[in-house]
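Trainee: Please see the structure below; I have some questions.
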Amino acid sequence: MSPGHMGAGLGKSLREGGARVVATVAGRSERTRRLAEGLELLPSLAEVVSAADVVLSVTPPGSALAAARSIADAARSTGSSPVVADLNAISPATMAAVAEACAGLPVVDGSISGPPPSTRPGARIYLSGVRATDVAGLPWNSQVEPIVLGTELGSASALKMCTAGVYKGLNALVTQAMRTAGRYGVLDQVLADLARNDLDGSAGVAVSATKAHRFVDEMREIAATQAGAGLTPALFEALAAVYAEVATTVLAAGDPESADRSLSPAEIVRRLSPEV
């Protein structure tokens, strides 16, 4: 479900491994239609759910629960009972709500670490739940590594919230450092110092800006996860605000696969300015 940049990449990995992969682009954008080329496209979600043994939900975090409800409705209407694997960047609490929405269907908690396998090999899919081995056992090609964490729902989501907090948190910090350095005229010097410690992520800042709108909800999910662990949610609530601001800038226009990776740091900062 939702074969965007990541979902289409996973679908193509399974197709190359020998699976029949069905999806639908009903109501989706022309970009989604382009990304989904090569998958077997059906007219509706109901037909996808009816045909599938396993449904993979790959959506922005803020859409995960609505997607689960749509899958459950489609299953009820067609009398089917596929395994539903939620692979979204959500908190364990949201994962519990997804499982509740899919009551009556076997549910697997999943999370993805790394870029789409169609972009670069090495994506890991972490899985937990009673039926996790069913999803791990799908014919993934060599570009995807499935890892089963156990039978408890929420484990895969918790792992994602921890690792994404580091990866996307560092990206937000570099983004803010570059914006601040540009304002004070020390951008080159700041990046040179960060590079001494392998922290000059200016190219990543340009790409991540195109995904900033979906990172807002992800930061909120991480904040909720940390609050659930008895920690302050303030850090990632603040980073949600950072990404919300980035999402309004010129640099955020476009999509990840067409982001200009050759922009100079100065141009990145210029396009991150709310005045541009």
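Going through the structure tokens in order, the chains are called A, B, and so on, while each chain numbers its residues from 1 and the ligands are numbered from 1 in the order shown.
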Find the residues around Leu35 (chain A) up to 8 Å (only C-alpha atoms counted), leave out those fewer than 5 positions away in its own chain, and share them as a list in words.
Mentor: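 After dropping sequence-adjacent residues, the list is Pro3, Gly4, His5 and Ala8 of chain A.
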Trainee: List as a PyMOL selection string the protein and nucleic acid residues near Val216 (chain A), meaning an atom at most 10 Å away when only C-alpha atoms are counted, but skip any in the same chain fewer than 4 places from it.
Mentor: chain A and resi 60-62+211-212+220-221+236-247
Trainee: Can you pull out the residues contacting Pro115 (chain A)? Cut-off 12 Å, using only C-alpha atoms, and skip same-chain residues under 2 positions away; I want them as a ChimeraX atom specification.
Mentor: /A:5-10,112-113,117-125,143-144,207-208,256-257
Trainee: Let me see the file: selected residues, N, CA and C atoms, as a compact mmCIF listing (two decimals), in the first residue's frame.
Mentor:
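Saved file out-v5.txt follows:
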```txt
# COMPACT_ATOMS: atom_id res chain seq x y z
N HIS A 5 8.34 6.39 -3.02
CA HIS A 5 9.77 6.16 -3.22
C HIS A 5 10.23 4.89 -2.51
N MET A 6 9.87 4.75 -1.23
CA MET A 6 10.29 3.57 -0.46
C MET A 6 9.44 2.35 -0.82
N GLY A 7 8.13 2.51 -0.84
CA GLY A 7 7.25 1.38 -1.10
C GLY A 7 7.51 0.75 -2.45
N ALA A 8 7.71 1.57 -3.48
CA ALA A 8 7.98 1.04 -4.80
C ALA A 8 9.32 0.31 -4.82
N GLY A 9 10.31 0.86 -4.10
CA GLY A 9 11.60 0.19 -4.04
C GLY A 9 11.52 -1.18 -3.39
N LEU A 10 10.74 -1.29 -2.31
CA LEU A 10 10.56 -2.58 -1.66
C LEU A 10 9.80 -3.54 -2.56
N ILE A 112 11.91 0.32 8.73
CA ILE A 112 12.91 0.29 7.67
C ILE A 112 14.06 1.20 8.04
N SER A 113 15.28 0.71 7.89
CA SER A 113 16.47 1.52 8.11
C SER A 113 17.27 1.58 6.83
N PRO A 117 15.76 0.42 -1.52
CA PRO A 117 16.75 -0.47 -2.14
C PRO A 117 16.96 -0.19 -3.61
N SER A 118 16.03 0.49 -4.25
CA SER A 118 16.22 0.87 -5.65
C SER A 118 17.21 2.02 -5.78
N THR A 119 17.50 2.70 -4.65
CA THR A 119 18.47 3.80 -4.65
C THR A 119 19.86 3.31 -4.27
N ARG A 120 19.92 2.51 -3.21
CA ARG A 120 21.20 1.98 -2.74
C ARG A 120 20.95 0.69 -2.00
N PRO A 121 21.70 -0.37 -2.26
CA PRO A 121 21.51 -1.64 -1.55
C PRO A 121 21.78 -1.47 -0.05
N GLY A 122 21.20 -2.35 0.75
CA GLY A 122 21.53 -2.39 2.17
C GLY A 122 20.41 -2.01 3.10
N ALA A 123 19.20 -1.80 2.58
CA ALA A 123 18.08 -1.48 3.48
C ALA A 123 17.83 -2.65 4.42
N ARG A 124 17.61 -2.34 5.67
CA ARG A 124 17.24 -3.35 6.66
C ARG A 124 15.77 -3.18 7.02
N ILE A 125 15.06 -4.29 7.12
CA ILE A 125 13.68 -4.27 7.59
C ILE A 125 13.64 -5.04 8.90
N GLN A 143 19.32 -6.86 -1.97
CA GLN A 143 19.42 -5.46 -1.57
C GLN A 143 18.68 -5.15 -0.27
N VAL A 144 17.94 -6.13 0.25
CA VAL A 144 17.16 -5.94 1.48
C VAL A 144 17.53 -7.03 2.47
N VAL A 207 18.83 16.98 0.42
CA VAL A 207 17.91 15.89 0.11
C VAL A 207 16.82 15.79 1.18
N SER A 208 17.21 15.87 2.44
CA SER A 208 16.23 15.70 3.52
C SER A 208 15.20 16.82 3.54
N PRO A 256 12.57 13.61 -3.32
CA PRO A 256 13.92 13.13 -3.01
C PRO A 256 14.71 12.64 -4.21
N GLU A 257 14.04 11.97 -5.15
CA GLU A 257 14.80 11.39 -6.26
C GLU A 257 15.30 12.43 -7.25
```
Trainee: Got a sec: who's within 8 Å of Ala156 (chain A), counting only C-alpha atoms, leaving out chain neighbours fewer than 5 positions off, as a VMD selection string?
Mentor: chain A and resid 109 to 111 126 to 128 149
Trainee: Residues at most 10 Å from Leu170 (chain A), counting only C-alpha atoms, excluding those fewer than 5 positions away in the same chain, as a short mmCIF file (atom, residue, chain, number, x, y, z; two decimals) with N, CA and C atoms, in the first residue's frame?
Mentor:
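Output below, filename result_10.cif:
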```
data_model
loop_
_atom_site.label_atom_id
_atom_site.label_comp_id
_atom_site.auth_asym_id
_atom_site.auth_seq_id
_atom_site.Cartn_x
_atom_site.Cartn_y
_atom_site.Cartn_z
N ALA A 164 16.18 6.54 14.13
CA ALA A 164 15.78 7.72 13.36
C ALA A 164 16.04 8.99 14.16
N GLY A 165 15.91 8.90 15.48
CA GLY A 165 16.20 10.06 16.31
C GLY A 165 17.63 10.52 16.14
N THR A 175 21.51 21.11 9.78
CA THR A 175 20.71 22.11 9.07
C THR A 175 20.68 23.43 9.82
N GLN A 176 20.41 23.37 11.12
CA GLN A 176 20.35 24.60 11.92
C GLN A 176 21.72 25.25 12.05
N LEU A 199 31.16 15.12 10.14
CA LEU A 199 29.82 15.62 10.41
C LEU A 199 29.37 16.67 9.40
N GLY A 201 27.40 17.21 6.77
CA GLY A 201 26.34 16.55 6.04
C GLY A 201 25.56 17.49 5.16
#
```
Trainee: Determine, for each residue of region 11-117 of chain A having at least one atom at most 12 Å from an atom of region 157-162 of chain A, the closest pair of atoms and their separation in Å to one decimal, counting only C-alpha atoms; order by chain and ascending number, as CSV.
Mentor:
```
residue,atom,partner,partner_atom,distance
A:Pro61,CA,A:Ser157,CA,11.2
A:Ala85,CA,A:Ser157,CA,11.6
A:Asp86,CA,A:Ser157,CA,9.3
A:Leu87,CA,A:Ser157,CA,8.3
A:Asn88,CA,A:Ser157,CA,7.9
A:Ala89,CA,A:Lys160,CA,6.4
A:Ile90,CA,A:Ser157,CA,6.0
A:Ser91,CA,A:Ser157,CA,5.7
A:Pro92,CA,A:Ser157,CA,5.5
A:Ala93,CA,A:Ser157,CA,9.1
A:Thr94,CA,A:Ser157,CA,9.0
A:Met95,CA,A:Ser157,CA,7.2
A:Ala96,CA,A:Ser157,CA,10.1
A:Val98,CA,A:Ser157,CA,11.6
A:Val108,CA,A:Ser157,CA,10.5
A:Asp109,CA,A:Ser157,CA,6.7
A:Gly110,CA,A:Ser157,CA,6.4
A:Ser111,CA,A:Ser157,CA,5.9
A:Ile112,CA,A:Lys160,CA,7.3
A:Ser113,CA,A:Lys160,CA,7.3
A:Gly114,CA,A:Lys160,CA,10.7
```
Trainee: Taking into account only C-alpha atoms, which residue in the set A:Ala266, A:Val55, A:Ala172, A:Val21 is nearest to Pro82 (chain A)?
Mentor: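 The closest residue to Pro82 (chain A) is A:Val55.
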Trainee: Could you check how far CA of Arg69 (chain A) sits from CA of Gly129 (chain A), in Å to one decimal?
Mentor: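 Separation between CA of Arg69 (chain A) and CA of Gly129 (chain A): 19.0 Å.
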Trainee: Residues of region 1-250 of chain A classed as helix (DSSP H, G or I) by DSSP on the backbone are to be reported as a ChimeraX atom specification.
Mentor: /A:5-16,30-35,45-51,61-78,92-101,132-136,155-184,187-195,202-209,212-228,234-246,250
Trainee: Which distance in Å separates CA of Gly17 (chain A) and CA of Leu39 (chain A), to one decimal?
Mentor: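 Those two atoms sit 12.9 Å apart.
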Trainee: Interatomic distance between CA of Met178 (chain A) and CA of Ala253 (chain A)?
Mentor: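 Between CA of Met178 (chain A) and CA of Ala253 (chain A) the gap works out to 18.7 Å.
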Trainee: Can you pull out the residues contacting region 43-49 of chain A? Cut-off 9 Å, using only C-alpha atoms, and skip same-chain residues under 2 positions away; I want them as a list of chain:residue names.
Mentor: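 The neighbour list is A:Met1, A:Val22, A:Ala23, A:Thr24, A:Val25, A:Ala26, A:Leu41, A:Ala51, A:Ala52, A:Asp53, A:Val54, A:Val55, A:Ser70, A:Ile71, A:Ala72, A:Asp73, A:Ala74, A:Ala75, A:Ser77, A:Thr78, A:Ser80, A:Ser81, A:Pro82.
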Trainee: Store the residues of this selection in a file with N, CA, C and O atoms, as a JSON list (two decimals), in the first residue's frame.
Mentor:
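Okay, this is what ended up in again24.json:
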```json
[["chain", "number", "residue", "atom", "x", "y", "z"],
["A", 1, "MET", "N", 0.85, -1.20, 0.00],
["A", 1, "MET", "CA", 0.00, 0.00, 0.00],
["A", 1, "MET", "C", 0.88, 1.24, 0.00],
["A", 1, "MET", "O", 1.84, 1.32, 0.75],
["A", 22, "VAL", "N", 1.50, -6.79, -6.02],
["A", 22, "VAL", "CA", 0.38, -5.98, -6.49],
["A", 22, "VAL", "C", 0.30, -4.70, -5.67],
["A", 22, "VAL", "O", 0.71, -4.66, -4.50],
["A", 23, "ALA", "N", -0.20, -3.66, -6.29],
["A", 23, "ALA", "CA", -0.38, -2.37, -5.62],
["A", 23, "ALA", "C", -1.48, -1.63, -6.35],
["A", 23, "ALA", "O", -1.97, -2.08, -7.39],
["A", 24, "THR", "N", -1.85, -0.48, -5.81],
["A", 24, "THR", "CA", -2.80, 0.38, -6.51],
["A", 24, "THR", "C", -2.31, 1.81, -6.41],
["A", 24, "THR", "O", -1.70, 2.21, -5.41],
["A", 25, "VAL", "N", -2.56, 2.58, -7.46],
["A", 25, "VAL", "CA", -2.23, 4.01, -7.44],
["A", 25, "VAL", "C", -3.51, 4.84, -7.56],
["A", 25, "VAL", "O", -3.45, 6.02, -7.91],
["A", 26, "ALA", "N", -4.63, 4.22, -7.24],
["A", 26, "ALA", "CA", -5.91, 4.94, -7.29],
["A", 26, "ALA", "C", -5.87, 6.15, -6.37],
["A", 26, "ALA", "O", -5.55, 6.04, -5.18],
["A", 41, "LEU", "N", -0.35, -3.28, -11.09],
["A", 41, "LEU", "CA", -1.27, -2.30, -10.53],
["A", 41, "LEU", "C", -2.71, -2.74, -10.71],
["A", 41, "LEU", "O", -3.13, -3.07, -11.82],
["A", 51, "ALA", "N", -6.14, -9.91, -3.13],
["A", 51, "ALA", "CA", -5.17, -10.73, -3.86],
["A", 51, "ALA", "C", -3.95, -11.10, -3.02],
["A", 51, "ALA", "O", -3.25, -12.06, -3.33],
["A", 52, "ALA", "N", -3.71, -10.36, -1.94],
["A", 52, "ALA", "CA", -2.43, -10.46, -1.24],
["A", 52, "ALA", "C", -2.43, -11.47, -0.10],
["A", 52, "ALA", "O", -3.42, -11.61, 0.62],
["A", 53, "ASP", "N", -1.32, -12.15, 0.08],
["A", 53, "ASP", "CA", -1.06, -12.94, 1.28],
["A", 53, "ASP", "C", -0.52, -12.04, 2.39],
["A", 53, "ASP", "O", -0.77, -12.26, 3.57],
["A", 54, "VAL", "N", 0.29, -11.04, 1.98],
["A", 54, "VAL", "CA", 0.89, -10.08, 2.90],
["A", 54, "VAL", "C", 0.69, -8.68, 2.35],
["A", 54, "VAL", "O", 0.95, -8.44, 1.16],
["A", 55, "VAL", "N", 0.21, -7.77, 3.17],
["A", 55, "VAL", "CA", 0.08, -6.37, 2.78],
["A", 55, "VAL", "C", 1.14, -5.56, 3.52],
["A", 55, "VAL", "O", 1.21, -5.60, 4.75],
["A", 70, "SER", "N", -7.99, 1.60, 6.50],
["A", 70, "SER", "CA", -8.40, 1.33, 5.12],
["A", 70, "SER", "C", -8.15, -0.12, 4.75],
["A", 70, "SER", "O", -8.97, -0.76, 4.08],
["A", 71, "ILE", "N", -7.02, -0.67, 5.19],
["A", 71, "ILE", "CA", -6.70, -2.07, 4.91],
["A", 71, "ILE", "C", -7.72, -2.98, 5.60],
["A", 71, "ILE", "O", -8.21, -3.94, 5.01],
["A", 72, "ALA", "N", -8.02, -2.66, 6.86],
["A", 72, "ALA", "CA", -8.98, -3.48, 7.61],
["A", 72, "ALA", "C", -10.37, -3.43, 6.96],
["A", 72, "ALA", "O", -11.05, -4.45, 6.85],
["A", 73, "ASP", "N", -10.78, -2.24, 6.51],
["A", 73, "ASP", "CA", -12.07, -2.12, 5.83],
["A", 73, "ASP", "C", -12.09, -2.94, 4.55],
["A", 73, "ASP", "O", -13.09, -3.62, 4.24],
["A", 74, "ALA", "N", -10.99, -2.88, 3.80],
["A", 74, "ALA", "CA", -10.90, -3.64, 2.56],
["A", 74, "ALA", "C", -10.95, -5.14, 2.82],
["A", 74, "ALA", "O", -11.58, -5.89, 2.08],
["A", 75, "ALA", "N", -10.29, -5.58, 3.90],
["A", 75, "ALA", "CA", -10.30, -7.00, 4.24],
["A", 75, "ALA", "C", -11.70, -7.47, 4.61],
["A", 75, "ALA", "O", -12.15, -8.55, 4.20],
["A", 77, "SER", "N", -14.53, -6.13, 3.67],
["A", 77, "SER", "CA", -15.43, -6.07, 2.51],
["A", 77, "SER", "C", -15.18, -7.21, 1.53],
["A", 77, "SER", "O", -16.09, -7.59, 0.77],
["A", 78, "THR", "N", -13.97, -7.76, 1.54],
["A", 78, "THR", "CA", -13.65, -8.82, 0.59],
["A", 78, "THR", "C", -13.56, -10.20, 1.24],
["A", 78, "THR", "O", -13.37, -11.20, 0.55],
["A", 80, "SER", "N", -11.19, -11.29, 3.09],
["A", 80, "SER", "CA", -9.81, -11.79, 3.05],
["A", 80, "SER", "C", -9.12, -11.57, 4.39],
["A", 80, "SER", "O", -9.59, -10.80, 5.24],
["A", 81, "SER", "N", -8.00, -12.24, 4.60],
["A", 81, "SER", "CA", -7.30, -12.14, 5.88],
["A", 81, "SER", "C", -5.79, -12.17, 5.68],
["A", 81, "SER", "O", -5.10, -13.08, 6.15],
["A", 82, "PRO", "N", -5.24, -11.17, 5.00],
["A", 82, "PRO", "CA", -3.79, -11.15, 4.78],
["A", 82, "PRO", "C", -3.04, -10.76, 6.05],
["A", 82, "PRO", "O", -3.61, -10.16, 6.97]]
```
Trainee: Residues at most 10 Å from Val250 (chain A), counting only C-alpha atoms, excluding those fewer than 4 positions away in the same chain, as a VMD selection string?
Mentor: chain A and resid 209 to 210 246 254 268 270 to 276
Trainee: Pick the closest to Ile222 (chain A) from A:Gly137, A:Gly185, A:Gly79, A:Gly169: which is it, counting only C-alpha atoms?
Mentor: A:Gly169
Trainee: I'd like to know which of A:Met219, A:Val58, A:Ala136, A:Val190 is closest to Tyr167 (chain A), using only C-alpha atoms.
Mentor: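 The shortest atom-to-atom distance to Tyr167 (chain A) comes from A:Met219.
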